[in-house]
file structure_22.tsv (TSV, N, CA and C atoms)
chain	number	residue	atom	x	y	z
U	1	MET	N	4.78	27.79	16.75
U	1	MET	CA	5.90	27.84	15.83
U	1	MET	C	6.79	26.62	15.99
U	2	ASP	N	7.10	26.24	17.22
U	2	ASP	CA	7.94	25.07	17.45
U	2	ASP	C	7.32	23.80	16.88
U	3	SER	N	6.00	23.67	16.97
U	3	SER	CA	5.36	22.46	16.48
U	3	SER	C	5.48	22.36	14.96
U	4	ASP	N	5.50	23.49	14.25
U	4	ASP	CA	5.69	23.46	12.80
U	4	ASP	C	7.07	22.93	12.45
U	5	VAL	N	8.05	23.36	13.19
U	5	VAL	CA	9.43	22.91	12.95
U	5	VAL	C	9.55	21.42	13.23
U	6	GLU	N	8.92	20.95	14.29
U	6	GLU	CA	9.00	19.54	14.65
U	6	GLU	C	8.29	18.66	13.63
U	7	SER	N	7.23	19.15	13.01
U	7	SER	CA	6.48	18.31	12.08
U	7	SER	C	7.18	18.17	10.72
U	8	LYS	N	8.02	19.10	10.34
U	8	LYS	CA	8.68	19.02	9.04
U	8	LYS	C	9.57	17.80	8.88
U	9	PRO	N	10.42	17.46	9.85
U	9	PRO	CA	11.22	16.25	9.67
U	9	PRO	C	10.37	15.00	9.53
U	10	ARG	N	9.28	14.92	10.27
U	10	ARG	CA	8.39	13.78	10.17
U	10	ARG	C	7.84	13.66	8.76
U	11	THR	N	7.42	14.76	8.17
U	11	THR	CA	6.88	14.76	6.82
U	11	THR	C	7.94	14.32	5.83
U	12	ASN	N	9.16	14.83	5.96
U	12	ASN	CA	10.23	14.44	5.05
U	12	ASN	C	10.55	12.96	5.16
U	13	ARG	N	10.54	12.42	6.37
U	13	ARG	CA	10.83	11.01	6.57
U	13	ARG	C	9.75	10.16	5.91
U	14	VAL	N	8.50	10.53	6.11
U	14	VAL	CA	7.39	9.79	5.53
U	14	VAL	C	7.44	9.86	4.01
U	15	ALA	N	7.76	11.01	3.46
U	15	ALA	CA	7.76	11.18	2.02
U	15	ALA	C	8.79	10.29	1.33
U	16	SER	N	9.78	9.78	2.07
U	16	SER	CA	10.76	8.91	1.46
U	16	SER	C	10.21	7.52	1.20
U	17	GLN	N	9.03	7.22	1.71
U	17	GLN	CA	8.39	5.94	1.48
U	17	GLN	C	7.48	6.03	0.26
U	18	SER	N	7.61	5.08	-0.65
U	18	SER	CA	6.81	5.09	-1.87
U	18	SER	C	5.75	4.00	-1.82
U	19	VAL	N	4.56	4.37	-2.27
U	19	VAL	CA	3.41	3.47	-2.20
U	19	VAL	C	2.97	3.08	-3.61
U	20	LEU	N	2.73	1.80	-3.78
U	20	LEU	CA	2.18	1.25	-5.01
U	20	LEU	C	0.72	0.90	-4.75
U	21	ILE	N	-0.15	1.30	-5.64
U	21	ILE	CA	-1.57	0.97	-5.52
U	21	ILE	C	-1.92	-0.01	-6.64
U	22	VAL	N	-2.32	-1.22	-6.23
U	22	VAL	CA	-2.69	-2.27	-7.18
U	22	VAL	C	-4.20	-2.44	-7.08
U	23	GLU	N	-4.90	-1.77	-7.98
U	23	GLU	CA	-6.37	-1.69	-7.93
U	23	GLU	C	-6.88	-1.41	-9.34
U	24	ASP	N	-7.85	-2.19	-9.81
U	24	ASP	CA	-8.35	-1.99	-11.17
U	24	ASP	C	-9.61	-1.13	-11.24
U	25	GLU	N	-10.18	-0.78	-10.10
U	25	GLU	CA	-11.33	0.12	-10.11
U	25	GLU	C	-10.81	1.55	-9.98
U	26	PHE	N	-10.94	2.30	-11.07
U	26	PHE	CA	-10.33	3.62	-11.20
U	26	PHE	C	-10.67	4.56	-10.04
U	27	LEU	N	-11.93	4.67	-9.69
U	27	LEU	CA	-12.32	5.62	-8.64
U	27	LEU	C	-11.73	5.23	-7.28
U	28	ILE	N	-11.67	3.94	-7.00
U	28	ILE	CA	-11.06	3.50	-5.74
U	28	ILE	C	-9.57	3.81	-5.75
U	29	ALA	N	-8.91	3.55	-6.88
U	29	ALA	CA	-7.47	3.81	-7.00
U	29	ALA	C	-7.17	5.29	-6.81
U	30	ILE	N	-7.96	6.16	-7.42
U	30	ILE	CA	-7.74	7.60	-7.31
U	30	ILE	C	-8.00	8.08	-5.88
U	31	ASP	N	-9.01	7.52	-5.23
U	31	ASP	CA	-9.30	7.87	-3.84
U	31	ASP	C	-8.14	7.45	-2.93
U	32	LEU	N	-7.63	6.25	-3.14
U	32	LEU	CA	-6.46	5.79	-2.37
U	32	LEU	C	-5.26	6.69	-2.60
U	33	GLU	N	-5.02	7.02	-3.86
U	33	GLU	CA	-3.90	7.88	-4.20
U	33	GLU	C	-3.99	9.22	-3.47
U	34	SER	N	-5.17	9.80	-3.44
U	34	SER	CA	-5.38	11.07	-2.77
U	34	SER	C	-5.08	10.96	-1.27
U	35	THR	N	-5.56	9.89	-0.65
U	35	THR	CA	-5.34	9.69	0.79
U	35	THR	C	-3.85	9.53	1.08
U	36	VAL	N	-3.16	8.74	0.26
U	36	VAL	CA	-1.73	8.51	0.44
U	36	VAL	C	-0.96	9.82	0.31
U	37	LYS	N	-1.27	10.59	-0.72
U	37	LYS	CA	-0.58	11.86	-0.94
U	37	LYS	C	-0.87	12.86	0.17
U	38	ASP	N	-2.11	12.85	0.69
U	38	ASP	CA	-2.46	13.74	1.80
U	38	ASP	C	-1.62	13.46	3.04
U	39	MET	N	-1.12	12.24	3.16
U	39	MET	CA	-0.27	11.88	4.29
U	39	MET	C	1.20	12.19	4.03
U	40	GLY	N	1.51	12.72	2.85
U	40	GLY	CA	2.88	13.11	2.54
U	40	GLY	C	3.73	12.01	1.94
U	41	LEU	N	3.11	10.93	1.49
U	41	LEU	CA	3.85	9.85	0.86
U	41	LEU	C	3.76	9.98	-0.65
U	42	ASP	N	4.74	9.37	-1.32
U	42	ASP	CA	4.75	9.37	-2.78
U	42	ASP	C	4.02	8.13	-3.29
U	43	VAL	N	3.21	8.31	-4.32
U	43	VAL	CA	2.59	7.18	-5.02
U	43	VAL	C	3.43	6.94	-6.27
U	44	ILE	N	4.04	5.77	-6.34
U	44	ILE	CA	4.92	5.49	-7.48
U	44	ILE	C	4.14	5.00	-8.69
U	45	GLY	N	2.90	4.60	-8.49
U	45	GLY	CA	2.10	4.20	-9.63
U	45	GLY	C	0.83	3.48	-9.23
U	46	LEU	N	-0.05	3.38	-10.22
U	46	LEU	CA	-1.29	2.64	-10.10
U	46	LEU	C	-1.20	1.47	-11.06
U	47	ALA	N	-1.41	0.27	-10.57
U	47	ALA	CA	-1.36	-0.92	-11.41
U	47	ALA	C	-2.73	-1.59	-11.40
U	48	THR	N	-3.13	-2.09	-12.56
U	48	THR	CA	-4.43	-2.76	-12.67
U	48	THR	C	-4.30	-4.26	-12.84
U	49	ASP	N	-3.07	-4.75	-13.00
U	49	ASP	CA	-2.86	-6.19	-13.18
U	49	ASP	C	-1.47	-6.60	-12.70
U	50	LYS	N	-1.20	-7.89	-12.76
U	50	LYS	CA	0.06	-8.43	-12.24
U	50	LYS	C	1.26	-7.88	-12.98
U	51	GLU	N	1.19	-7.79	-14.29
U	51	GLU	CA	2.33	-7.31	-15.08
U	51	GLU	C	2.73	-5.89	-14.67
U	52	GLN	N	1.76	-5.01	-14.57
U	52	GLN	CA	2.04	-3.62	-14.18
U	52	GLN	C	2.57	-3.56	-12.75
U	53	ALA	N	1.97	-4.34	-11.85
U	53	ALA	CA	2.40	-4.32	-10.44
U	53	ALA	C	3.85	-4.75	-10.30
U	54	LEU	N	4.22	-5.82	-11.00
U	54	LEU	CA	5.59	-6.32	-10.87
U	54	LEU	C	6.60	-5.40	-11.55
U	55	ARG	N	6.17	-4.68	-12.57
U	55	ARG	CA	7.05	-3.70	-13.22
U	55	ARG	C	7.37	-2.55	-12.27
U	56	LEU	N	6.40	-2.14	-11.46
U	56	LEU	CA	6.57	-1.02	-10.53
U	56	LEU	C	7.16	-1.45	-9.19
U	57	ALA	N	7.14	-2.72	-8.90
U	57	ALA	CA	7.55	-3.26	-7.59
U	57	ALA	C	8.92	-2.80	-7.09
U	58	PRO	N	9.95	-2.73	-7.94
U	58	PRO	CA	11.26	-2.34	-7.42
U	58	PRO	C	11.31	-0.94	-6.81
U	59	MET	N	10.34	-0.09	-7.14
U	59	MET	CA	10.33	1.28	-6.64
U	59	MET	C	9.45	1.44	-5.40
U	60	ALA	N	8.76	0.37	-4.99
U	60	ALA	CA	7.77	0.46	-3.91
U	60	ALA	C	8.34	0.04	-2.56
U	61	ASP	N	7.85	0.71	-1.52
U	61	ASP	CA	8.13	0.32	-0.14
U	61	ASP	C	6.89	-0.33	0.47
U	62	ILE	N	5.73	0.22	0.14
U	62	ILE	CA	4.44	-0.23	0.68
U	62	ILE	C	3.50	-0.40	-0.51
U	63	ALA	N	2.61	-1.40	-0.45
U	63	ALA	CA	1.63	-1.58	-1.52
U	63	ALA	C	0.27	-1.93	-0.94
U	64	PHE	N	-0.75	-1.31	-1.52
U	64	PHE	CA	-2.13	-1.72	-1.28
U	64	PHE	C	-2.50	-2.58	-2.47
U	65	VAL	N	-2.93	-3.81	-2.20
U	65	VAL	CA	-3.19	-4.77	-3.28
U	65	VAL	C	-4.60	-5.31	-3.18
U	66	ASP	N	-5.39	-5.10	-4.24
U	66	ASP	CA	-6.71	-5.70	-4.33
U	66	ASP	C	-6.54	-7.17	-4.73
U	67	VAL	N	-7.53	-7.99	-4.44
U	67	VAL	CA	-7.45	-9.42	-4.77
U	67	VAL	C	-7.84	-9.67	-6.21
U	68	ASN	N	-8.99	-9.15	-6.62
U	68	ASN	CA	-9.49	-9.36	-7.97
U	68	ASN	C	-9.14	-8.16	-8.83
U	69	LEU	N	-8.34	-8.42	-9.86
U	69	LEU	CA	-7.84	-7.35	-10.72
U	69	LEU	C	-8.27	-7.57	-12.17
U	70	ALA	N	-7.79	-6.74	-13.06
U	70	ALA	CA	-8.16	-6.82	-14.47
U	70	ALA	C	-7.80	-8.18	-15.07
U	71	ASP	N	-6.77	-8.84	-14.53
U	71	ASP	CA	-6.35	-10.14	-15.06
U	71	ASP	C	-6.79	-11.31	-14.18
U	72	GLY	N	-7.79	-11.10	-13.34
U	72	GLY	CA	-8.33	-12.17	-12.50
U	72	GLY	C	-7.94	-12.00	-11.04
U	73	ALA	N	-8.04	-13.10	-10.30
U	73	ALA	CA	-7.75	-13.08	-8.86
U	73	ALA	C	-6.25	-13.26	-8.62
U	74	THR	N	-5.47	-12.33	-9.16
U	74	THR	CA	-4.01	-12.41	-9.08
U	74	THR	C	-3.43	-11.68	-7.87
U	75	GLY	N	-4.26	-10.98	-7.11
U	75	GLY	CA	-3.79	-10.21	-5.97
U	75	GLY	C	-2.96	-11.00	-4.96
U	76	PRO	N	-3.42	-12.20	-4.54
U	76	PRO	CA	-2.61	-12.96	-3.57
U	76	PRO	C	-1.22	-13.30	-4.11
U	77	GLU	N	-1.11	-13.67	-5.37
U	77	GLU	CA	0.21	-13.96	-5.94
U	77	GLU	C	1.06	-12.70	-6.01
U	78	ILE	N	0.45	-11.59	-6.43
U	78	ILE	CA	1.17	-10.32	-6.49
U	78	ILE	C	1.69	-9.96	-5.10
U	79	GLY	N	0.83	-10.05	-4.09
U	79	GLY	CA	1.23	-9.73	-2.73
U	79	GLY	C	2.39	-10.59	-2.26
U	80	ARG	N	2.31	-11.89	-2.52
U	80	ARG	CA	3.39	-12.80	-2.12
U	80	ARG	C	4.69	-12.41	-2.79
U	81	ARG	N	4.64	-12.13	-4.09
U	81	ARG	CA	5.86	-11.78	-4.82
U	81	ARG	C	6.42	-10.44	-4.37
U	82	LEU	N	5.54	-9.47	-4.10
U	82	LEU	CA	6.01	-8.17	-3.61
U	82	LEU	C	6.79	-8.33	-2.31
U	83	VAL	N	6.27	-9.16	-1.41
U	83	VAL	CA	6.93	-9.39	-0.12
U	83	VAL	C	8.24	-10.15	-0.32
U	84	GLU	N	8.16	-11.30	-0.99
U	84	GLU	CA	9.31	-12.21	-1.08
U	84	GLU	C	10.42	-11.70	-1.99
U	85	GLU	N	10.06	-11.14	-3.13
U	85	GLU	CA	11.07	-10.76	-4.11
U	85	GLU	C	11.55	-9.32	-3.98
U	86	PHE	N	10.70	-8.45	-3.44
U	86	PHE	CA	11.03	-7.02	-3.43
U	86	PHE	C	11.04	-6.39	-2.04
U	87	GLY	N	10.66	-7.13	-1.01
U	87	GLY	CA	10.68	-6.60	0.36
U	87	GLY	C	9.65	-5.52	0.60
U	88	VAL	N	8.57	-5.54	-0.15
U	88	VAL	CA	7.51	-4.53	-0.02
U	88	VAL	C	6.59	-4.92	1.13
U	89	THR	N	6.15	-3.95	1.89
U	89	THR	CA	5.15	-4.16	2.93
U	89	THR	C	3.78	-4.10	2.26
U	90	VAL	N	3.04	-5.20	2.34
U	90	VAL	CA	1.78	-5.35	1.60
U	90	VAL	C	0.58	-5.30	2.54
U	91	VAL	N	-0.42	-4.52	2.12
U	91	VAL	CA	-1.72	-4.50	2.77
U	91	VAL	C	-2.73	-4.85	1.68
U	92	PHE	N	-3.45	-5.96	1.88
U	92	PHE	CA	-4.49	-6.32	0.92
U	92	PHE	C	-5.73	-5.48	1.19
U	93	MET	N	-6.43	-5.10	0.12
U	93	MET	CA	-7.71	-4.40	0.22
U	93	MET	C	-8.68	-5.16	-0.67
U	94	THR	N	-9.76	-5.65	-0.07
U	94	THR	CA	-10.69	-6.45	-0.84
U	94	THR	C	-12.08	-6.42	-0.23
U	95	GLY	N	-13.05	-6.59	-1.08
U	95	GLY	CA	-14.43	-6.71	-0.64
U	95	GLY	C	-14.71	-8.12	-0.16
U	96	ASN	N	-13.74	-9.03	-0.34
U	96	ASN	CA	-13.90	-10.42	0.03
U	96	ASN	C	-12.67	-10.89	0.81
U	97	PRO	N	-12.55	-10.50	2.09
U	97	PRO	CA	-11.36	-10.84	2.88
U	97	PRO	C	-11.10	-12.35	2.98
U	98	GLU	N	-12.16	-13.14	2.86
U	98	GLU	CA	-11.99	-14.60	2.92
U	98	GLU	C	-11.13	-15.11	1.78
U	99	ALA	N	-11.05	-14.35	0.69
U	99	ALA	CA	-10.27	-14.77	-0.49
U	99	ALA	C	-8.77	-14.82	-0.19
U	100	VAL	N	-8.32	-14.11	0.82
U	100	VAL	CA	-6.90	-14.13	1.16
U	100	VAL	C	-6.63	-14.77	2.52
U	101	ALA	N	-7.66	-15.28	3.15
U	101	ALA	CA	-7.48	-15.92	4.46
U	101	ALA	C	-6.49	-17.07	4.32
U	102	GLY	N	-5.43	-17.00	5.09
U	102	GLY	CA	-4.41	-18.04	5.05
U	102	GLY	C	-3.50	-17.97	3.84
U	103	ARG	N	-3.68	-16.99	2.96
U	103	ARG	CA	-2.90	-16.90	1.73
U	103	ARG	C	-2.05	-15.65	1.68
U	104	PHE	N	-1.92	-14.94	2.79
U	104	PHE	CA	-1.19	-13.69	2.72
U	104	PHE	C	0.01	-13.68	3.65
U	105	GLN	N	0.69	-14.80	3.71
U	105	GLN	CA	1.89	-14.89	4.54
U	105	GLN	C	2.87	-13.78	4.16
U	106	GLY	N	3.33	-13.07	5.17
U	106	GLY	CA	4.28	-11.99	4.95
U	106	GLY	C	3.61	-10.64	4.74
U	107	ALA	N	2.32	-10.64	4.45
U	107	ALA	CA	1.60	-9.37	4.29
U	107	ALA	C	1.24	-8.82	5.66
U	108	LEU	N	1.07	-7.52	5.73
U	108	LEU	CA	0.77	-6.85	6.99
U	108	LEU	C	-0.66	-7.13	7.45
U	109	GLY	N	-1.59	-7.25	6.51
U	109	GLY	CA	-2.97	-7.50	6.88
U	109	GLY	C	-3.92	-7.29	5.73
U	110	VAL	N	-5.21	-7.25	6.07
U	110	VAL	CA	-6.28	-7.11	5.08
U	110	VAL	C	-7.23	-6.01	5.53
U	111	VAL	N	-7.54	-5.10	4.62
U	111	VAL	CA	-8.53	-4.05	4.86
U	111	VAL	C	-9.75	-4.41	4.01
U	112	SER	N	-10.92	-4.44	4.65
U	112	SER	CA	-12.16	-4.75	3.92
U	112	SER	C	-12.65	-3.52	3.18
U	113	LYS	N	-13.08	-3.73	1.93
U	113	LYS	CA	-13.68	-2.66	1.15
U	113	LYS	C	-15.19	-2.83	1.23
U	114	PRO	N	-15.96	-1.76	1.21
U	114	PRO	CA	-15.49	-0.38	1.12
U	114	PRO	C	-14.82	0.05	2.42
U	115	THR	N	-13.93	1.02	2.28
U	115	THR	CA	-13.19	1.51	3.44
U	115	THR	C	-13.28	3.03	3.50
U	116	THR	N	-12.66	3.59	4.50
U	116	THR	CA	-12.66	5.04	4.67
U	116	THR	C	-11.23	5.56	4.64
U	117	PRO	N	-11.04	6.85	4.36
U	117	PRO	CA	-9.70	7.41	4.41
U	117	PRO	C	-9.04	7.20	5.78
U	118	ALA	N	-9.80	7.26	6.85
U	118	ALA	CA	-9.23	7.07	8.19
U	118	ALA	C	-8.63	5.68	8.35
U	119	ILE	N	-9.29	4.67	7.82
U	119	ILE	CA	-8.77	3.30	7.90
U	119	ILE	C	-7.53	3.16	7.03
U	120	VAL	N	-7.54	3.77	5.86
U	120	VAL	CA	-6.36	3.74	4.99
U	120	VAL	C	-5.18	4.42	5.69
U	121	GLN	N	-5.43	5.57	6.29
U	121	GLN	CA	-4.37	6.29	7.01
U	121	GLN	C	-3.83	5.45	8.16
U	122	ARG	N	-4.71	4.80	8.90
U	122	ARG	CA	-4.28	3.93	10.01
U	122	ARG	C	-3.42	2.78	9.47
U	123	SER	N	-3.84	2.20	8.36
U	123	SER	CA	-3.07	1.11	7.75
U	123	SER	C	-1.70	1.59	7.29
U	124	LEU	N	-1.65	2.78	6.73
U	124	LEU	CA	-0.37	3.34	6.29
U	124	LEU	C	0.56	3.60	7.48
U	125	ARG	N	0.01	4.17	8.54
U	125	ARG	CA	0.84	4.41	9.73
U	125	ARG	C	1.38	3.09	10.28
U	126	HIS	N	0.55	2.07	10.29
U	126	HIS	CA	0.97	0.75	10.76
U	126	HIS	C	2.07	0.19	9.85
U	127	ALA	N	1.92	0.35	8.54
U	127	ALA	CA	2.94	-0.12	7.59
U	127	ALA	C	4.25	0.64	7.79
U	128	LEU	N	4.18	1.94	8.00
U	128	LEU	CA	5.37	2.74	8.23
U	128	LEU	C	6.08	2.30	9.51
U	129	GLU	N	5.31	2.06	10.55
U	129	GLU	CA	5.90	1.60	11.82
U	129	GLU	C	6.56	0.23	11.64
U	130	ALA	N	5.90	-0.66	10.92
U	130	ALA	CA	6.46	-1.99	10.68
U	130	ALA	C	7.77	-1.90	9.91
U	131	ARG	N	7.83	-1.03	8.92
U	131	ARG	CA	9.07	-0.86	8.14
U	131	ARG	C	10.17	-0.26	9.00
U	132	ALA	N	9.82	0.73	9.83
U	132	ALA	CA	10.81	1.36	10.69
U	132	ALA	C	11.37	0.36	11.69
U	133	THR	N	10.52	-0.47	12.24
U	133	THR	CA	10.94	-1.50	13.20
U	133	THR	C	11.86	-2.51	12.51
U	134	ALA	N	11.53	-2.90	11.30
U	134	ALA	CA	12.32	-3.88	10.56
U	134	ALA	C	13.71	-3.33	10.21
U	135	GLU	N	13.79	-2.02	10.02
U	135	GLU	CA	15.07	-1.39	9.65
U	135	GLU	C	16.01	-1.23	10.84
U	136	ARG	N	15.47	-1.30	12.03
U	136	ARG	CA	16.33	-1.10	13.23
U	136	ARG	C	17.18	-2.29	13.50
call {"tool": "encode", "arguments": {"input": "structure_22.tsv", "output": "structure tokens"}}
result
Amino acid sequence: MDSDVESKPRTNRVASQSVLIVEDEFLIAIDLESTVKDMGLDVIGLATDKEQALRLAPMADIAFVDVNLADGATGPEIGRRLVEEFGVTVVFMTGNPEAVAGRFQGALGVVSKPTTPAIVQRSLRHALEARATAER
């Protein structure tokens, strides 16, 4: 019983963080959304291109950003802008990690696709810890 009470504040704290998913492959985006929601976080939207991502950016705390999107290889620029202009914690997700090598200054890191829910969860926990540390 005590452990249930202790876990509720943690869930409420996590739920205050909003996640933006920038991914143009529908099934991958939906899978990410499910994993994020299972962890108790809010998904503020799914974006398939730079225009949509930047429109949703002011509401995001954390973002998963693919490199190649519906409008081309705009992921690195989106990631940079999310970090610099909106203070979003960015994790790139790509099947081609070399595409962002040296180009993701300010981003938390890169997750190689295909990935698993466990890796996404680990990345989210790391992003949450980084944000909490930055706020102190």
call {"tool": "residues_around", "arguments": {"input": "structure_22.tsv", "residues": "U:Thr48", "least_positions_apart": "2", "cutoff": "6 Å", "atoms": "only C-alpha atoms", "output": "list in words"}}
result
Val22, Glu23, Asp24 and Ala70 of chain U
call {"tool": "select_by_dssp", "arguments": {"input": "structure_22.tsv", "residues": "stretch 5-101 of chain U", "states": "strand (DSSP E or B)", "output": "PyMOL selection string"}}
result
chain U and resi 18-22+42-47+62-66+69+72+89-94
call {"tool": "write_last_selection", "arguments": {"input": "structure_22.tsv", "atoms": "N, CA and C atoms", "output": "tab-separated table (two decimals), keeping the file's coordinate frame"}}
result
chain	number	residue	atom	x	y	z
U	18	SER	N	7.61	5.08	-0.65
U	18	SER	CA	6.81	5.09	-1.87
U	18	SER	C	5.75	4.00	-1.82
U	19	VAL	N	4.56	4.37	-2.27
U	19	VAL	CA	3.41	3.47	-2.20
U	19	VAL	C	2.97	3.08	-3.61
U	20	LEU	N	2.73	1.80	-3.78
U	20	LEU	CA	2.18	1.25	-5.01
U	20	LEU	C	0.72	0.90	-4.75
U	21	ILE	N	-0.15	1.30	-5.64
U	21	ILE	CA	-1.57	0.97	-5.52
U	21	ILE	C	-1.92	-0.01	-6.64
U	22	VAL	N	-2.32	-1.22	-6.23
U	22	VAL	CA	-2.69	-2.27	-7.18
U	22	VAL	C	-4.20	-2.44	-7.08
U	42	ASP	N	4.74	9.37	-1.32
U	42	ASP	CA	4.75	9.37	-2.78
U	42	ASP	C	4.02	8.13	-3.29
U	43	VAL	N	3.21	8.31	-4.32
U	43	VAL	CA	2.59	7.18	-5.02
U	43	VAL	C	3.43	6.94	-6.27
U	44	ILE	N	4.04	5.77	-6.34
U	44	ILE	CA	4.92	5.49	-7.48
U	44	ILE	C	4.14	5.00	-8.69
U	45	GLY	N	2.90	4.60	-8.49
U	45	GLY	CA	2.10	4.20	-9.63
U	45	GLY	C	0.83	3.48	-9.23
U	46	LEU	N	-0.05	3.38	-10.22
U	46	LEU	CA	-1.29	2.64	-10.10
U	46	LEU	C	-1.20	1.47	-11.06
U	47	ALA	N	-1.41	0.27	-10.57
U	47	ALA	CA	-1.36	-0.92	-11.41
U	47	ALA	C	-2.73	-1.59	-11.40
U	62	ILE	N	5.73	0.22	0.14
U	62	ILE	CA	4.44	-0.23	0.68
U	62	ILE	C	3.50	-0.40	-0.51
U	63	ALA	N	2.61	-1.40	-0.45
U	63	ALA	CA	1.63	-1.58	-1.52
U	63	ALA	C	0.27	-1.93	-0.94
U	64	PHE	N	-0.75	-1.31	-1.52
U	64	PHE	CA	-2.13	-1.72	-1.28
U	64	PHE	C	-2.50	-2.58	-2.47
U	65	VAL	N	-2.93	-3.81	-2.20
U	65	VAL	CA	-3.19	-4.77	-3.28
U	65	VAL	C	-4.60	-5.31	-3.18
U	66	ASP	N	-5.39	-5.10	-4.24
U	66	ASP	CA	-6.71	-5.70	-4.33
U	66	ASP	C	-6.54	-7.17	-4.73
U	69	LEU	N	-8.34	-8.42	-9.86
U	69	LEU	CA	-7.84	-7.35	-10.72
U	69	LEU	C	-8.27	-7.57	-12.17
U	72	GLY	N	-7.79	-11.10	-13.34
U	72	GLY	CA	-8.33	-12.17	-12.50
U	72	GLY	C	-7.94	-12.00	-11.04
U	89	THR	N	6.15	-3.95	1.89
U	89	THR	CA	5.15	-4.16	2.93
U	89	THR	C	3.78	-4.10	2.26
U	90	VAL	N	3.04	-5.20	2.34
U	90	VAL	CA	1.78	-5.35	1.60
U	90	VAL	C	0.58	-5.30	2.54
U	91	VAL	N	-0.42	-4.52	2.12
U	91	VAL	CA	-1.72	-4.50	2.77
U	91	VAL	C	-2.73	-4.85	1.68
U	92	PHE	N	-3.45	-5.96	1.88
U	92	PHE	CA	-4.49	-6.32	0.92
U	92	PHE	C	-5.73	-5.48	1.19
U	93	MET	N	-6.43	-5.10	0.12
U	93	MET	CA	-7.71	-4.40	0.22
U	93	MET	C	-8.68	-5.16	-0.67
U	94	THR	N	-9.76	-5.65	-0.07
U	94	THR	CA	-10.69	-6.45	-0.84
U	94	THR	C	-12.08	-6.42	-0.23
call {"tool": "closest_residue", "arguments": {"input": "structure_22.tsv", "among": "U:Met59, U:Met93, U:Ala118, U:Val83", "to": "U:Ile28", "atoms": "only C-alpha atoms"}}
result
U:Met93
call {"tool": "atom_distance", "arguments": {"input": "structure_22.tsv", "atom1": "atom CA of U:Ile78", "atom2": "atom CA of U:Leu32"}}
result
18.3 Å
call {"tool": "atom_distance", "arguments": {"input": "structure_22.tsv", "atom1": "atom C of U:Thr115", "atom2": "atom CA of U:Leu46"}}
result
18.1 Å
call {"tool": "closest_residue", "arguments": {"input": "structure_22.tsv", "among": "U:Phe92, U:Asp71, U:Val100, U:Ala130", "to": "U:Ser112", "atoms": "all atoms listed in the file"}}
result
U:Phe92
call {"tool": "atom_distance", "arguments": {"input": "structure_22.tsv", "atom1": "atom CA of U:Pro58", "atom2": "atom CA of U:Ser18"}}
result
10.3 Å
call {"tool": "axis_aligned_box", "arguments": {"input": "structure_22.tsv", "around": "stretch 127-134 of chain U", "padding_each_side": "5 Å", "output": "lines of an AutoDock Vina configuration file"}}
result
center_x = 7.8
center_y = -0.6
center_z = 10.4
size_x = 21.8
size_y = 16.6
size_z = 15.6
call {"tool": "select_by_dssp", "arguments": {"input": "structure_22.tsv", "residues": "stretch 78-135 of chain U", "states": "helix (DSSP H, G or I)", "output": "ChimeraX atom specification"}}
result
/U:78-86,97-100,117-135
call {"tool": "residues_around", "arguments": {"input": "structure_22.tsv", "residues": "U:Asp66", "least_positions_apart": "2", "cutoff": "8 Å", "atoms": "only N, CA and C atoms", "output": "list in words"}}
result
Ile21, Val22, Glu23, Asp24, Ala63, Phe64, Asn68, Leu69, Ala73, Thr74, Gly75, Pro76, Gly79, Val91, Phe92, Met93, Thr94 and Gly95 of chain U
call {"tool": "residues_around", "arguments": {"input": "structure_22.tsv", "residues": "stretch 88-90 of chain U", "least_positions_apart": "4", "cutoff": "7 Å", "atoms": "all atoms listed in the file", "output": "compact mmCIF listing (two decimals) with N, CA and C atoms, in the frame of the given file"}}
result
# COMPACT_ATOMS: atom_id res chain seq x y z
N ALA U 60 8.76 0.37 -4.99
CA ALA U 60 7.77 0.46 -3.91
C ALA U 60 8.34 0.04 -2.56
N ASP U 61 7.85 0.71 -1.52
CA ASP U 61 8.13 0.32 -0.14
C ASP U 61 6.89 -0.33 0.47
N ILE U 62 5.73 0.22 0.14
CA ILE U 62 4.44 -0.23 0.68
C ILE U 62 3.50 -0.40 -0.51
N ALA U 63 2.61 -1.40 -0.45
CA ALA U 63 1.63 -1.58 -1.52
C ALA U 63 0.27 -1.93 -0.94
N PHE U 64 -0.75 -1.31 -1.52
CA PHE U 64 -2.13 -1.72 -1.28
C PHE U 64 -2.50 -2.58 -2.47
N VAL U 65 -2.93 -3.81 -2.20
CA VAL U 65 -3.19 -4.77 -3.28
C VAL U 65 -4.60 -5.31 -3.18
N GLY U 79 0.83 -10.05 -4.09
CA GLY U 79 1.23 -9.73 -2.73
C GLY U 79 2.39 -10.59 -2.26
N ARG U 81 4.64 -12.13 -4.09
CA ARG U 81 5.86 -11.78 -4.82
C ARG U 81 6.42 -10.44 -4.37
N LEU U 82 5.54 -9.47 -4.10
CA LEU U 82 6.01 -8.17 -3.61
C LEU U 82 6.79 -8.33 -2.31
N VAL U 83 6.27 -9.16 -1.41
CA VAL U 83 6.93 -9.39 -0.12
C VAL U 83 8.24 -10.15 -0.32
N GLU U 84 8.16 -11.30 -0.99
CA GLU U 84 9.31 -12.21 -1.08
C GLU U 84 10.42 -11.70 -1.99
N GLY U 106 3.33 -13.07 5.17
CA GLY U 106 4.28 -11.99 4.95
C GLY U 106 3.61 -10.64 4.74
N ALA U 107 2.32 -10.64 4.45
CA ALA U 107 1.60 -9.37 4.29
C ALA U 107 1.24 -8.82 5.66
N LEU U 108 1.07 -7.52 5.73
CA LEU U 108 0.77 -6.85 6.99
C LEU U 108 -0.66 -7.13 7.45
N GLY U 109 -1.59 -7.25 6.51
CA GLY U 109 -2.97 -7.50 6.88
C GLY U 109 -3.92 -7.29 5.73
N ALA U 127 1.92 0.35 8.54
CA ALA U 127 2.94 -0.12 7.59
C ALA U 127 4.25 0.64 7.79
